[in-house]
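Next comes protein03.cif, with mmCIF, C-alpha atoms.
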data_final
#
loop_
_atom_site.label_atom_id
_atom_site.label_comp_id
_atom_site.auth_asym_id
_atom_site.auth_seq_id
_atom_site.Cartn_x
_atom_site.Cartn_y
_atom_site.Cartn_z
CA MET A 138 192.19 112.84 -61.57
CA THR A 139 191.88 116.59 -60.92
CA GLU A 140 190.07 118.17 -58.04
CA ASP A 141 187.35 119.42 -60.39
CA VAL A 142 185.85 115.93 -60.72
CA SER A 143 185.93 114.87 -57.07
CA LEU A 144 182.71 114.51 -55.10
CA LYS A 145 182.46 115.11 -51.38
CA LYS A 146 181.90 112.12 -49.04
CA ALA A 147 179.25 113.18 -46.54
CA LEU A 148 176.39 110.64 -46.48
CA ASN A 149 175.52 107.94 -43.92
CA PRO A 150 172.83 105.19 -43.81
CA ILE A 151 170.03 107.51 -42.69
CA HIS A 152 170.80 109.80 -45.62
CA ILE A 153 170.74 106.81 -47.99
CA TRP A 154 167.39 105.68 -46.58
CA ALA A 155 165.99 109.20 -46.93
CA ILE A 156 167.26 109.63 -50.49
CA GLY A 157 165.98 106.18 -51.46
CA VAL A 158 162.50 106.67 -50.00
CA GLY A 159 162.45 110.29 -51.09
CA LEU A 160 163.27 109.38 -54.69
CA VAL A 161 160.21 107.16 -54.90
CA ILE A 162 157.62 108.36 -52.39
CA SER A 163 155.87 110.68 -54.84
CA GLY A 164 154.84 107.50 -56.64
CA GLU A 165 152.40 106.92 -53.77
CA TYR A 166 150.89 110.37 -54.30
CA PHE A 167 150.06 110.20 -58.02
CA GLY A 168 150.76 108.35 -61.26
CA TRP A 169 149.88 104.83 -60.13
CA ASN A 170 146.15 105.65 -60.32
CA TYR A 171 146.41 105.93 -64.12
CA GLY A 172 146.78 102.14 -63.97
CA TRP A 173 143.14 101.88 -62.87
CA GLY A 174 142.14 103.27 -66.25
CA VAL A 175 143.69 100.29 -68.05
CA ALA A 176 143.26 97.53 -65.43
CA GLY A 177 140.77 98.38 -62.68
CA THR A 178 141.52 98.05 -58.97
CA VAL A 179 142.24 94.33 -58.78
CA GLY A 180 144.08 94.34 -62.11
CA LEU A 181 146.43 97.08 -60.89
CA LEU A 182 146.86 95.32 -57.54
CA ILE A 183 147.96 92.13 -59.32
CA ALA A 184 150.34 94.15 -61.50
CA THR A 185 151.72 95.80 -58.35
CA LEU A 186 152.33 92.48 -56.63
CA ILE A 187 154.24 91.28 -59.71
CA ILE A 188 156.33 94.45 -59.72
CA THR A 189 156.92 94.18 -55.97
CA VAL A 190 158.53 90.79 -56.60
CA LEU A 191 160.63 92.42 -59.32
CA TYR A 192 161.90 95.14 -56.99
CA CYS A 193 162.55 92.84 -54.04
CA THR A 194 164.72 90.54 -56.12
CA PHE A 195 166.25 93.41 -58.10
CA ILE A 196 167.28 95.62 -55.16
CA PHE A 197 168.86 92.75 -53.23
CA SER A 198 170.82 91.87 -56.40
CA PHE A 199 171.55 95.46 -57.42
CA THR A 200 173.01 96.24 -53.99
CA GLU A 201 175.85 93.81 -54.79
CA LEU A 202 176.79 95.96 -57.78
CA THR A 203 176.40 99.25 -55.88
CA THR A 204 178.67 98.20 -53.03
CA ALA A 205 181.23 96.48 -55.27
CA ILE A 206 181.42 99.42 -57.71
CA PRO A 207 180.51 102.60 -55.77
CA ASN A 208 180.45 105.00 -58.72
CA ALA A 209 178.30 108.04 -59.50
CA GLY A 210 177.42 106.46 -62.83
CA GLY A 211 175.45 103.66 -61.19
CA PRO A 212 174.19 101.23 -63.88
CA PHE A 213 176.35 102.99 -66.47
CA ALA A 214 179.47 102.14 -64.44
CA TYR A 215 178.43 98.51 -63.97
CA ALA A 216 177.73 98.06 -67.69
CA LEU A 217 181.05 99.73 -68.57
CA ARG A 218 182.88 97.27 -66.33
CA ALA A 219 180.91 94.26 -67.64
CA PHE A 220 180.32 95.02 -71.32
CA GLY A 221 182.55 97.92 -72.35
CA PRO A 222 181.67 101.29 -73.88
CA ILE A 223 178.62 100.31 -75.97
CA GLY A 224 176.94 98.52 -73.07
CA ALA A 225 177.68 101.50 -70.86
CA LEU A 226 176.13 103.85 -73.41
CA ILE A 227 172.89 101.83 -73.43
CA ALA A 228 172.74 101.82 -69.62
CA GLY A 229 173.58 105.53 -69.40
CA TYR A 230 170.95 106.49 -71.99
CA ALA A 231 168.25 104.41 -70.28
CA THR A 232 169.11 105.85 -66.86
CA LEU A 233 168.97 109.42 -68.14
CA ILE A 234 165.61 108.80 -69.81
CA GLU A 235 164.27 107.29 -66.59
CA PHE A 236 165.28 110.21 -64.38
CA LEU A 237 164.96 113.08 -66.82
CA PHE A 238 161.35 112.13 -67.63
CA ALA A 239 160.40 111.22 -64.06
CA ALA A 240 161.31 114.71 -62.88
CA PRO A 241 158.89 116.65 -65.14
CA ALA A 242 156.09 114.17 -64.30
CA ILE A 243 156.60 115.02 -60.63
CA ALA A 244 156.91 118.73 -61.43
CA LEU A 245 153.51 118.59 -63.17
CA ALA A 246 152.04 116.90 -60.10
CA LEU A 247 153.56 119.63 -57.92
CA GLY A 248 151.95 122.21 -60.17
CA SER A 249 148.62 120.35 -59.98
CA TYR A 250 148.69 120.23 -56.16
CA ILE A 251 149.47 123.96 -56.00
CA HIS A 252 146.67 124.63 -58.51
CA PHE A 253 144.32 122.50 -56.36
CA LEU A 254 145.11 124.80 -53.42
CA TYR A 255 145.30 128.06 -55.38
CA PRO A 256 143.28 127.77 -58.62
CA SER A 257 144.58 131.11 -59.88
CA VAL A 258 148.14 129.70 -60.16
CA PRO A 259 148.69 127.99 -63.57
CA ILE A 260 149.98 124.40 -63.35
CA LEU A 261 152.79 124.95 -65.87
CA LEU A 262 154.06 128.09 -64.14
CA ALA A 263 154.18 126.34 -60.75
CA SER A 264 156.00 123.40 -62.36
CA MET A 265 158.62 125.66 -63.96
CA VAL A 266 159.23 127.57 -60.71
CA SER A 267 159.71 124.23 -58.93
CA TYR A 268 162.54 123.34 -61.31
CA VAL A 269 164.34 126.62 -60.70
CA LEU A 270 163.90 126.51 -56.92
CA PHE A 271 165.08 122.93 -56.36
CA THR A 272 167.98 123.21 -58.78
CA ILE A 273 169.23 126.09 -56.64
CA ILE A 274 168.74 124.07 -53.43
CA ASN A 275 170.79 121.22 -54.91
CA MET A 276 173.66 123.63 -55.56
CA LEU A 277 174.09 124.17 -51.83
CA GLY A 278 175.96 120.87 -51.44
CA ILE A 279 175.22 117.16 -51.12
CA LYS A 280 175.10 117.10 -47.32
CA GLU A 281 172.72 120.03 -47.21
CA ALA A 282 170.64 118.50 -50.01
CA ALA A 283 170.54 115.14 -48.21
CA TRP A 284 169.37 116.70 -44.94
CA PHE A 285 166.65 118.54 -46.85
CA SER A 286 165.67 115.22 -48.43
CA LEU A 287 165.57 113.58 -44.98
CA ILE A 288 163.25 116.23 -43.56
CA MET A 289 160.92 116.12 -46.58
CA THR A 290 160.87 112.31 -46.57
CA VAL A 291 159.97 112.02 -42.88
CA LEU A 292 157.19 114.58 -43.32
CA ALA A 293 155.92 112.73 -46.40
CA ILE A 294 155.80 109.40 -44.52
CA LEU A 295 153.98 110.99 -41.59
CA GLU A 296 151.50 112.48 -44.02
CA LEU A 297 150.83 109.14 -45.71
CA LEU A 298 150.26 107.55 -42.30
CA LEU A 299 147.83 110.38 -41.50
CA PHE A 300 146.09 109.81 -44.83
CA ILE A 301 145.72 106.07 -44.17
CA GLY A 302 144.38 106.80 -40.69
CA VAL A 303 141.73 109.17 -42.07
CA VAL A 304 140.49 107.14 -45.05
CA ALA A 305 140.90 103.53 -43.83
CA PRO A 306 137.74 103.63 -41.65
CA HIS A 307 135.79 104.61 -44.79
CA PHE A 308 137.15 101.74 -46.90
CA ARG A 309 134.45 99.57 -48.46
CA MET A 310 135.33 96.24 -50.01
CA GLU A 311 132.34 96.42 -52.37
CA THR A 312 133.72 99.69 -53.74
CA PHE A 313 137.18 98.20 -54.23
CA LEU A 314 135.71 95.17 -56.01
CA ASN A 315 133.36 97.18 -58.24
CA ASN A 316 134.34 96.37 -61.86
CA PRO A 317 137.74 95.13 -60.60
CA MET A 318 139.28 93.84 -63.87
CA PRO A 319 137.37 95.44 -66.76
CA PHE A 320 140.05 94.58 -69.31
CA GLY A 321 140.97 91.14 -68.04
CA TRP A 322 144.56 89.90 -67.86
CA GLY A 323 145.56 92.16 -70.75
CA GLY A 324 144.84 95.09 -68.45
CA VAL A 325 147.22 93.67 -65.84
CA PHE A 326 150.09 93.84 -68.32
CA ALA A 327 149.02 97.28 -69.56
CA ALA A 328 149.13 98.49 -65.94
CA LEU A 329 152.74 97.37 -65.34
CA PRO A 330 154.35 100.78 -66.03
CA PHE A 331 151.99 102.43 -63.51
CA ALA A 332 152.80 99.74 -60.94
CA ILE A 333 156.50 100.34 -61.60
CA TRP A 334 155.89 104.03 -60.87
CA LEU A 335 155.33 103.06 -57.22
CA TYR A 336 159.02 102.06 -56.98
CA VAL A 337 160.74 103.67 -59.96
CA CYS A 338 164.02 105.54 -59.41
CA LEU A 339 164.89 103.66 -56.20
CA GLU A 340 168.10 102.55 -57.88
CA GLY A 341 169.05 106.25 -58.03
CA VAL A 342 170.72 105.74 -54.66
CA ALA A 343 173.60 104.20 -56.65
CA MET A 344 174.36 107.62 -58.13
CA VAL A 345 175.36 109.07 -54.76
CA ALA A 346 177.54 106.04 -53.89
CA GLU A 347 180.76 108.04 -54.29
CA GLU A 348 179.47 110.55 -51.72
CA VAL A 349 178.85 107.96 -48.98
CA LYS A 350 181.04 107.47 -45.94
CA ASP A 351 181.65 103.80 -45.09
CA GLN A 352 180.22 103.01 -48.52
CA HIS A 353 179.74 99.26 -48.26
CA GLN A 354 177.75 99.04 -45.02
CA ALA A 355 175.85 102.31 -45.39
CA ILE A 356 174.61 101.60 -48.92
CA ALA A 357 173.26 98.14 -48.11
CA LYS A 358 171.50 99.27 -44.91
CA GLY A 359 169.99 102.34 -46.55
CA TYR A 360 168.89 100.57 -49.74
CA ILE A 361 167.12 97.63 -48.12
CA SER A 362 165.38 99.66 -45.41
CA ALA A 363 164.12 102.07 -48.09
CA LEU A 364 162.70 99.21 -50.15
CA PHE A 365 160.66 97.78 -47.27
CA THR A 366 159.38 101.23 -46.26
CA LEU A 367 158.11 101.82 -49.79
CA MET A 368 156.50 98.37 -50.10
CA VAL A 369 154.32 98.91 -47.03
CA LEU A 370 153.30 102.45 -48.00
CA ALA A 371 152.56 101.63 -51.65
CA LEU A 372 150.22 98.73 -50.96
CA ALA A 373 148.45 100.47 -48.07
CA VAL A 374 147.75 103.66 -50.02
CA MET A 375 146.57 101.84 -53.16
CA VAL A 376 144.12 99.61 -51.30
CA CYS A 377 142.77 102.43 -49.13
CA VAL A 378 142.11 104.78 -52.05
CA GLY A 379 140.50 101.98 -54.08
CA GLY A 380 137.86 101.45 -51.40
CA ILE A 381 136.83 105.11 -51.10
CA ALA A 382 135.14 105.78 -54.45
CA PRO A 383 134.69 104.07 -57.84
CA TRP A 384 138.09 103.94 -59.50
CA ASP A 385 136.89 105.75 -62.64
CA GLN A 386 136.48 108.92 -60.55
CA LEU A 387 140.16 108.96 -59.66
CA ASP A 388 142.02 107.29 -62.52
CA ASN A 389 142.97 110.46 -64.44
CA LEU A 390 143.97 112.88 -61.68
CA ASP A 391 147.41 114.10 -60.62
CA TYR A 392 146.11 114.53 -57.05
CA PRO A 393 144.17 111.35 -56.14
CA LEU A 394 145.00 111.53 -52.42
CA PRO A 395 143.61 115.00 -51.62
CA GLU A 396 140.63 114.17 -53.85
CA SER A 397 140.05 111.03 -51.74
CA ILE A 398 140.22 113.07 -48.54
CA GLY A 399 137.76 115.49 -50.15
CA ILE A 400 135.35 112.66 -50.91
CA VAL A 401 135.54 111.42 -47.32
CA LEU A 402 135.48 114.75 -45.46
CA GLY A 403 134.29 117.25 -48.09
CA ARG A 404 136.43 119.54 -50.24
CA THR A 405 135.82 122.51 -47.95
CA ASN A 406 136.93 120.67 -44.82
CA PRO A 407 140.07 122.29 -43.33
CA LEU A 408 141.75 118.88 -43.12
CA THR A 409 141.31 118.45 -46.88
CA LYS A 410 143.12 121.71 -47.54
CA LEU A 411 145.76 120.86 -44.93
CA PHE A 412 146.38 117.48 -46.50
CA ALA A 413 146.78 118.98 -49.97
CA SER A 414 149.25 121.48 -48.53
CA VAL A 415 151.43 118.97 -46.71
CA GLY A 416 150.99 116.58 -49.65
CA LEU A 417 153.57 118.69 -51.35
CA PHE A 418 156.21 117.17 -49.04
CA GLY A 419 156.15 113.79 -50.79
CA LEU A 420 156.36 115.35 -54.22
CA ILE A 421 159.16 117.66 -53.10
CA ALA A 422 161.14 114.76 -51.60
CA SER A 423 161.05 112.79 -54.88
CA PHE A 424 161.60 115.79 -57.12
CA HIS A 425 164.58 116.87 -55.06
CA GLY A 426 166.08 113.36 -54.96
CA ILE A 427 165.65 112.79 -58.69
CA ILE A 428 167.43 116.07 -59.42
CA ILE A 429 170.36 114.76 -57.34
CA SER A 430 170.34 111.52 -59.33
CA TYR A 431 170.13 112.83 -62.88
CA SER A 432 172.80 115.44 -62.20
CA ARG A 433 175.17 112.72 -60.93
CA GLN A 434 174.41 110.53 -63.93
CA MET A 435 175.19 113.38 -66.33
CA PHE A 436 178.33 114.12 -64.30
CA ALA A 437 179.51 110.50 -64.58
CA LEU A 438 178.75 110.26 -68.30
CA ALA A 439 180.61 113.50 -68.96
CA ARG A 440 183.57 112.43 -66.82
CA SER A 441 183.87 109.26 -68.91
CA GLY A 442 183.60 111.07 -72.24
CA TYR A 443 180.00 110.24 -73.22
CA LEU A 444 178.73 113.80 -72.71
CA PRO A 445 180.50 117.18 -73.02
CA VAL A 446 183.26 117.33 -70.45
CA GLN A 447 181.94 120.63 -69.07
CA LEU A 448 179.10 118.73 -67.40
CA SER A 449 181.66 117.00 -65.15
CA VAL A 450 182.87 120.26 -63.60
CA VAL A 451 182.02 120.62 -59.90
CA SER A 452 181.77 123.78 -57.84
CA PRO A 453 184.99 124.59 -55.93
CA GLY A 454 183.47 124.78 -52.44
CA GLN A 455 180.43 122.53 -52.34
CA LYS A 456 181.73 119.96 -54.87
CA VAL A 457 178.43 119.61 -56.74
CA PRO A 458 178.12 119.22 -60.55
CA TYR A 459 176.39 122.55 -61.06
CA LEU A 460 176.46 122.59 -64.87
CA ALA A 461 174.84 119.14 -64.96
CA LEU A 462 172.18 120.44 -62.58
CA VAL A 463 171.40 123.36 -64.89
CA ALA A 464 171.42 121.26 -68.07
CA GLY A 465 169.08 118.65 -66.56
CA GLY A 466 166.71 121.36 -65.41
CA ILE A 467 166.51 122.90 -68.86
CA LEU A 468 165.80 119.53 -70.49
CA GLY A 469 163.09 118.80 -67.92
CA MET A 470 161.36 122.12 -68.47
CA VAL A 471 161.30 121.45 -72.21
CA ALA A 472 159.68 118.04 -71.56
CA LEU A 473 157.03 119.75 -69.41
CA THR A 474 155.74 121.58 -72.44
CA MET A 475 155.67 118.55 -74.77
CA LEU A 476 154.20 115.55 -72.89
CA ASP A 477 151.43 114.92 -70.37
CA THR A 478 151.89 113.13 -67.06
CA SER A 479 150.90 109.62 -68.18
CA LYS A 480 153.28 109.71 -71.17
CA LEU A 481 156.12 110.98 -68.98
CA VAL A 482 155.44 108.14 -66.52
CA ILE A 483 155.51 105.51 -69.28
CA LEU A 484 158.72 106.83 -70.87
CA SER A 485 160.41 106.96 -67.48
CA THR A 486 159.41 103.38 -66.66
CA ILE A 487 160.57 102.09 -70.06
CA GLY A 488 163.98 103.55 -69.28
CA ALA A 489 163.86 102.02 -65.81
CA VAL A 490 163.11 98.51 -67.04
CA VAL A 491 165.94 98.67 -69.58
CA VAL A 492 168.24 99.72 -66.71
CA TYR A 493 167.11 96.70 -64.69
CA VAL A 494 167.73 94.32 -67.59
CA VAL A 495 171.22 95.67 -68.29
CA SER A 496 172.10 95.72 -64.57
CA MET A 497 171.13 92.09 -63.99
CA LEU A 498 173.01 91.02 -67.13
CA ALA A 499 176.03 92.94 -65.79
CA LEU A 500 175.73 91.13 -62.45
CA PHE A 501 175.82 87.74 -64.17
CA ALA A 502 178.70 88.81 -66.44
CA LEU A 503 180.82 90.14 -63.55
CA ARG A 504 180.20 87.04 -61.44
CA ARG A 505 181.49 84.96 -64.36
CA ASN A 506 184.33 87.19 -65.57
CA GLU A 507 185.55 88.66 -62.27
CA PRO A 508 184.90 86.02 -59.58
CA LEU A 509 187.57 87.54 -57.31
CA MET A 510 186.07 91.06 -57.31
CA LYS A 511 185.54 92.36 -53.77
CA ARG A 512 181.82 92.10 -53.05
CA PRO A 513 180.99 93.46 -49.56
CA PHE A 514 177.33 92.56 -50.12
CA ARG A 515 176.43 89.50 -52.17
CA ALA A 516 173.03 88.94 -53.77
CA PRO A 517 171.12 86.37 -51.68
CA LEU A 518 169.90 83.17 -53.34
CA TYR A 519 172.16 83.79 -56.35
CA PRO A 520 171.47 83.06 -59.21
CA TYR A 521 167.72 82.83 -58.49
CA PHE A 522 167.10 86.38 -57.26
CA PRO A 523 168.80 88.13 -60.19
CA ALA A 524 167.25 85.62 -62.61
CA ILE A 525 163.74 86.38 -61.30
CA ALA A 526 164.44 90.12 -61.51
CA LEU A 527 165.76 89.77 -65.07
CA LEU A 528 162.84 87.64 -66.26
CA THR A 529 160.22 89.89 -64.67
CA ALA A 530 161.86 92.99 -66.14
CA LEU A 531 161.86 91.43 -69.61
CA VAL A 532 158.15 90.58 -69.30
CA ALA A 533 157.42 94.15 -68.22
CA LEU A 534 159.45 95.56 -71.11
CA ALA A 535 157.64 93.34 -73.63
CA ALA A 536 154.28 94.45 -72.21
CA MET A 537 155.18 98.12 -72.52
CA VAL A 538 156.37 97.70 -76.11
CA TYR A 539 153.09 95.93 -76.95
CA PHE A 540 150.69 98.32 -75.22
CA TYR A 541 152.58 101.60 -75.81
CA PRO A 542 154.25 101.15 -79.23
CA TRP A 543 154.70 104.83 -80.10
CA LEU A 544 156.39 105.74 -76.83
CA SER A 545 158.52 102.60 -77.11
CA LEU A 546 159.48 103.61 -80.65
CA LEU A 547 160.48 107.03 -79.36
CA PHE A 548 162.68 105.46 -76.67
CA PHE A 549 164.34 102.80 -78.83
CA GLY A 550 164.60 105.08 -81.85
CA GLY A 551 166.55 107.55 -79.77
CA LEU A 552 168.73 104.77 -78.38
CA THR A 553 169.48 103.41 -81.86
CA GLY A 554 170.41 106.84 -83.18
CA ILE A 555 172.74 107.56 -80.27
CA VAL A 556 174.46 104.16 -80.46
CA LEU A 557 175.00 104.58 -84.23
CA LEU A 558 176.37 108.08 -83.78
CA PHE A 559 178.64 106.89 -80.97
CA TYR A 560 179.91 103.97 -83.05
CA LEU A 561 180.39 105.88 -86.31
CA SER A 562 182.23 108.70 -84.54
CA GLY A 563 184.75 106.19 -83.20
CA ARG A 564 184.13 107.16 -79.58
CA HIS A 565 183.79 103.49 -78.63
CA ARG A 566 187.51 103.07 -79.38
CA THR A 567 188.67 106.05 -77.32
CA ILE A 568 186.73 105.37 -74.12
CA SER A 569 188.29 102.78 -71.85
CA GLY A 570 186.54 100.49 -69.44
CA SER A 571 188.32 102.05 -66.47
CA LEU A 572 186.27 103.58 -63.69
CA HIS A 573 186.86 106.52 -61.39
CA PHE A 574 187.04 105.91 -57.65
CA GLU A 575 188.00 108.08 -54.79
#

So that I can check it, write out the structure of this file as structure tokens.
Amino acid sequence: MTEDVSLKKALNPIHIWAIGVGLVISGEYFGWNYGWGVAGTVGLLIATLIITVLYCTFIFSFTELTTAIPNAGGPFAYALRAFGPIGALIAGYATLIEFLFAAPAIALALGSYIHFLYPSVPILLASMVSYVLFTIINMLGIKEAAWFSLIMTVLAILELLLFIGVVAPHFRMETFLNNPMPFGWGGVFAALPFAIWLYVCLEGVAMVAEEVKDQHQAIAKGYISALFTLMVLALAVMVCVGGIAPWDQLDNLDYPLPESIGIVLGRTNPLTKLFASVGLFGLIASFHGIIISYSRQMFALARSGYLPVQLSVVSPGQKVPYLALVAGGILGMVALTMLDTSKLVILSTIGAVVVYVVSMLALFALRRNEPLMKRPFRAPLYPYFPAIALLTALVALAAMVYFYPWLSLLFFGGLTGIVLLFYLSGRHRTISGSLHFE
């Protein structure tokens, strides 16, 4: 393997925690509230509890794969090892869809927050500038990018704690329980993608596994601590906001948190403006982390022959896949102009759930086919934890196909076309199941 496809090892557990929380924390700032529009407050809360079970069982199981196969491809690498080239293609496609569509959703929220502060700045312009700026920051190197992520993540957590402290005294149970499940249990299932948004992309930590020092211990510590941090924040924010004002006032906004502060304190209150300003930290942390993840996924797919090999080239000094960074940014900016936030969220979560299904199937396959594989971290309560994660993911996927058929058709139509092209071109015969390790 040439130097051009080697990544620099520079990350430790605190970096992993920061990247993991940072990847997801924007989900607490926006996106989940769209679930109120299809389920109401209690309906979305039930959906969130279901999805929390999914992520608890999934992350503890997924960490076994990440530590056993520390590869920048993440789920793609696990599927390649377990199922061969076609399985890897499915996992790689789903992962790219998840991250490439999550990024423009967050960019639109960034643009909306900036527009909330400065109404003269167009949302789309602010979103485009965000892509350019954070792509450049990511080119500085993984250690520098990880430290930036750490700073943004800590500030975002402090801000959410401040938010909870301000609004919690104004919580009213009668407000939270006002029209709590307007669409019944069907609404609970329709809300699943918006509940997933509270945790989606956490598995992106796997894509920096090759860049971690002391991979096995650091990955497990960082992953699990990130999961529990996000669980507490997600449930606290959702419940607090739901008790501030009727949910139908907040279910279609990209900035529900500053709007909630505005309801409590008044839109002209200095603290409202301050909160909207520092609210950018959470969005920046996720946007920045997701750029890291999709660039590493494109890098890994290109290195293995699934994408043009040029995307696997890394910069000589900083060892970052700069062409993959640029390509992902261009694709994201195109998506900004074609889809609104809720559609981007749903497409991203469809990709995520397919990733979870393939990953758990890979875990079962590798346990059966490679029982002697070195597994520094083993999934607890095997096979129950991965089985619960797999079953819950399949239920979520079926619900999304039922409630969002056109977006599902777009996702699976694209997958079918790519698999057919890959098969007819004969690429499945030329790509081996070997993996790259440093």

For range 175-193 of chain A, what centre and edge lengths in Å (one decimal) does the axis-aligned box get once 5 Å is added on each side of all its listed atoms, as AutoDock Vina command-line options?
--center_x 151.7 --center_y 95.5 --center_z -61.0 --size_x 31.8 --size_y 19.5 --size_z 24.0

Problem set entry | Residues returned when the PyMOL selection byres ((chain A and resi 331) around 10) runs on this file, as a list in words |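 Going through the file, the PyMOL selection byres ((chain A and resi 331) around 10) ends up selecting Gly164, Phe167, Gly168, Trp169, Asn170, Tyr171, Gly172, Trp173, Val175, Leu181, Ala184, Thr185, Ile188, Ala327, Ala328, Leu329, Pro330, Ala332, Ile333, Trp334, Leu335, Tyr336, Val337, Ser479, Val482, Ile483 and Thr486 of chain A.
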
For this session: Considering all atoms listed in the file, return as a list in words whatever protein or nucleic-acid residues lie within 10 Å of range 500-505 of chain A, sequence-local ones (same chain, fewer than 3 positions apart) excluded.
Result: Ser198, Phe199, Glu201, Leu202, Tyr215, Ala216, Arg218, Ala219, Phe220, Val495, Ser496, Met497, Pro508, Leu509, Met510, Arg512, Ala516, Tyr519, Pro520, Pro523 and Ala524 of chain A

Exercise. Any chance you could work out the residue set of the PyMOL selection byres ((chain A and resi 549-554) around 12) here, as number ranges by chain?
Worked result: A: 223-224, 226-234, 484, 487-488, 491, 534, 538, 542-548, 555-561

Using all atoms listed in the file, which residues sit within 7 Å of Ile243 in chain A once same-chain residues fewer than 3 positions away are excluded, as a CSV table (one decimal) with C-alpha atoms, in the coordinates of the input?
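File produced: part37.csv:
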chain,number,residue,atom,x,y,z
A,239,ALA,CA,160.4,111.2,-64.1
A,240,ALA,CA,161.3,114.7,-62.9
A,246,ALA,CA,152.0,116.9,-60.1
A,247,LEU,CA,153.6,119.6,-57.9
A,420,LEU,CA,156.4,115.4,-54.2
A,424,PHE,CA,161.6,115.8,-57.1

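CA of Asn208 in chain A to CA of Leu438 in chain A spans 11.1 Å [interatomic distance, one decimal].
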
For this session: Run through the PyMOL selection byres ((chain A and resi 285-298) around 6) on the given coordinates and return the selected residues as a list in words.
Result: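 Applying the expression gives Ala155, Gly159, Ala282, Ala283, Trp284, Leu299, Phe300, Ile301, Phe418, Gly419 and Ala422 of chain A.
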